[in-house]
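Here the structure comes first, spelled out in structure tokens, and everything after it is commentary.
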Amino acid sequence: MKKRIVIALGGNALGSTLKEQMDAARITAKAIVDLAEAGHDIAIVHGNGPQVGMIETAFETAAKADRHFPVLPMSVCVALSQGYIGYDLQNTLRKELDERGMNKPVATIITQVEVDPHDKAFENPTKPIGGFMTEAEAQIMKAKGVAVMEDAGRGWRQVVASPMPVKILEAGTVTALLEAGQIPIACGGGGIPVARRDGQYRGMGAVIDKDFTAAKLAESIGADMLIILTAVEKVAINFGRPDQQWLDTLTVAEAESYIGENQFAKGSMLPKVQAAVSFVRSASGGGAGEPGALITLLARARDGIEGRTGTRIIRTRTDQKAEAVRE
């Protein structure tokens, strides 16, 4: 059954260097076009953790070498990352579509996302950006006044504020492109964080979590499904322990219970599960069954939609039975 789907691409779908990004984009394009070929309408949201950090560092280094170079605000760095990641994605998607004989335009939208300037996140930076550091390197950065934290056992990284998304300013544009049969790439890096001041929207020094923004976009455009692609095939509880258990389905209530038990790592799976729950709880859907969310591997996205893998997040078990009857 045809669905309107928002796909949130994780870092593993993009790589962390320019060459890795180009190589990863080709693999990513095949998986996304598989879904388009199956008849689904797709909007794409991507992260920018390594990329926005590299952009910030590049301009900071240039400014130190030549005072004529500006140190760019984080909002501008996010905008730049949307352009260059979107460029690779839309070109590789077009190539894959052309090779399959599918006339489906692709466009990147420079997307602003409104945040609350009084969000408590501005008092406690937690969003990792840039590359990984050793603990010794992190302590040097910390001594310079840069906020750093250990990232889910993978190393140390710089962190910035990560407020919650309130409104997708270009949601109407995304809807228009979908209704025209196109594939929009929107809200890159979680969107450019803006807040309304002095009668206009102005950039904020933050990076929004792309999974939460993808959930807000999916809700805003009446999507039937949110797919969050990550480095594992399914969500697990007791991860890494002898009693580890992979989950096929999670209701909103079950997910919230596991969150309360600290079952999901803060720097990796937790925001994905929280974003999925947020969408499922608030979504109305576009008529293709009960709205749901899916967390799985990029390469298994189509299998996940068809119920063969991944972790599905649903409102209640009744929703799952109703969906099975429809299919």
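Following the order of the structure tokens, chains are lettered A, B, ..., residues in each are numbered from 1, and ligands are numbered from 1.
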* **Neighbour list for region 309-314 of chain A as a PyMOL selection string, cut-off 8 Å, only C-alpha atoms, skip fewer than 3 positions in-chain** => chain A and resi 233-235+247-252+276-277+280+291-297+300-301+303-304+317+319-320
Determine, using only C-alpha atoms, which residues of region 51-127 of chain A have any atom at most 10 Å from an atom of region 146-159 of chain A, and tabulate each with its shortest atom pair and distance in Å to one decimal place, rows ordered by chain and then rising number, as a Markdown table.
```
| residue | atom | partner | partner_atom | distance |
| --- | --- | --- | --- | --- |
| A:Gly53 | CA | A:Gln158 | CA | 8.3 |
| A:Asn124 | CA | A:Ala147 | CA | 9.3 |
| A:Pro125 | CA | A:Val159 | CA | 5.8 |
| A:Thr126 | CA | A:Val159 | CA | 5.3 |
| A:Lys127 | CA | A:Val159 | CA | 4.8 |
```
* **9 Å contact set for Pro165 (chain A), only C-alpha atoms, chain neighbours under 4 positions out, as a PyMOL selection string** => chain A and resi 113-116+190-191+193+208-209+212-213+216
Written selection (C-alpha atoms) as a PDB file, in the first residue's frame:
```
ATOM      1  CA  VAL A 113      13.209  25.144  11.892  1.00  0.00           C
ATOM      2  CA  GLU A 114      11.814  27.346  14.626  1.00  0.00           C
ATOM      3  CA  VAL A 115      13.021  26.709  18.169  1.00  0.00           C
ATOM      4  CA  ASP A 116      12.121  28.261  21.503  1.00  0.00           C
ATOM      5  CA  GLY A 190      17.916  18.953  11.811  1.00  0.00           C
ATOM      6  CA  GLY A 191      17.201  22.242  10.061  1.00  0.00           C
ATOM      7  CA  PRO A 193      17.656  26.719  14.044  1.00  0.00           C
ATOM      8  CA  ILE A 208      18.750  20.412  16.270  1.00  0.00           C
ATOM      9  CA  ASP A 209      18.645  16.609  16.482  1.00  0.00           C
ATOM     10  CA  PHE A 212      13.295  14.941  16.333  1.00  0.00           C
ATOM     11  CA  THR A 213      13.074  17.255  13.330  1.00  0.00           C
ATOM     12  CA  LYS A 216       8.118  17.022  13.458  1.00  0.00           C
TER      13      LYS A 216
END
```
* To do: Have a look at CA of Ile168 (chain A) and CA of Gln274 (chain A) and let me know their distance in Å, one decimal.
  =>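 Answer for the CA of Ile168 (chain A) to CA of Gln274 (chain A) separation: 18.5 Å.
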* To do: Just give me the gap between CA of Gln263 (chain A) and CA of Met164 (chain A) in Å, one decimal is fine.
  =>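 CA of Met164 (chain A) lies at a distance of 21.7 Å from CA of Gln263 (chain A).
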* To do: Taking the DSSP assignment computed from this structure's backbone, write out as number ranges by chain all residues of region 136-266 of chain A that belong to strand (DSSP E or B).
  => A: 148-150, 156-160, 165-168, 183-185, 192-197, 200-203, 225-230, 235-237, 245-247, 249-251
* Tell me which protein, DNA and RNA residues are within 10 Å of Leu177 (chain A), counting only C-alpha atoms, leaving out same-chain ones fewer than 3 positions away, and put them as a ChimeraX atom specification. => /A:41,43,105-107,172-174,180-184
Could you dump the residues just selected with C-alpha atoms as a JSON list (two decimals), in the first residue's frame?
```json
[["chain", "number", "residue", "atom", "x", "y", "z"],
["A", 41, "ASP", "CA", 6.16, 9.17, -1.63],
["A", 43, "ALA", "CA", 10.85, 13.05, 1.92],
["A", 105, "PRO", "CA", 12.81, 15.09, -9.85],
["A", 106, "VAL", "CA", 14.80, 15.58, -6.64],
["A", 107, "ALA", "CA", 15.37, 18.92, -4.90],
["A", 172, "GLY", "CA", 4.34, 23.63, 2.90],
["A", 173, "THR", "CA", 7.09, 23.50, 0.27],
["A", 174, "VAL", "CA", 7.86, 19.89, 1.17],
["A", 180, "ALA", "CA", 3.99, 17.04, -7.54],
["A", 181, "GLY", "CA", 5.60, 13.58, -7.49],
["A", 182, "GLN", "CA", 9.07, 14.79, -6.50],
["A", 183, "ILE", "CA", 11.53, 13.74, -3.79],
["A", 184, "PRO", "CA", 12.38, 16.62, -1.42]]
```
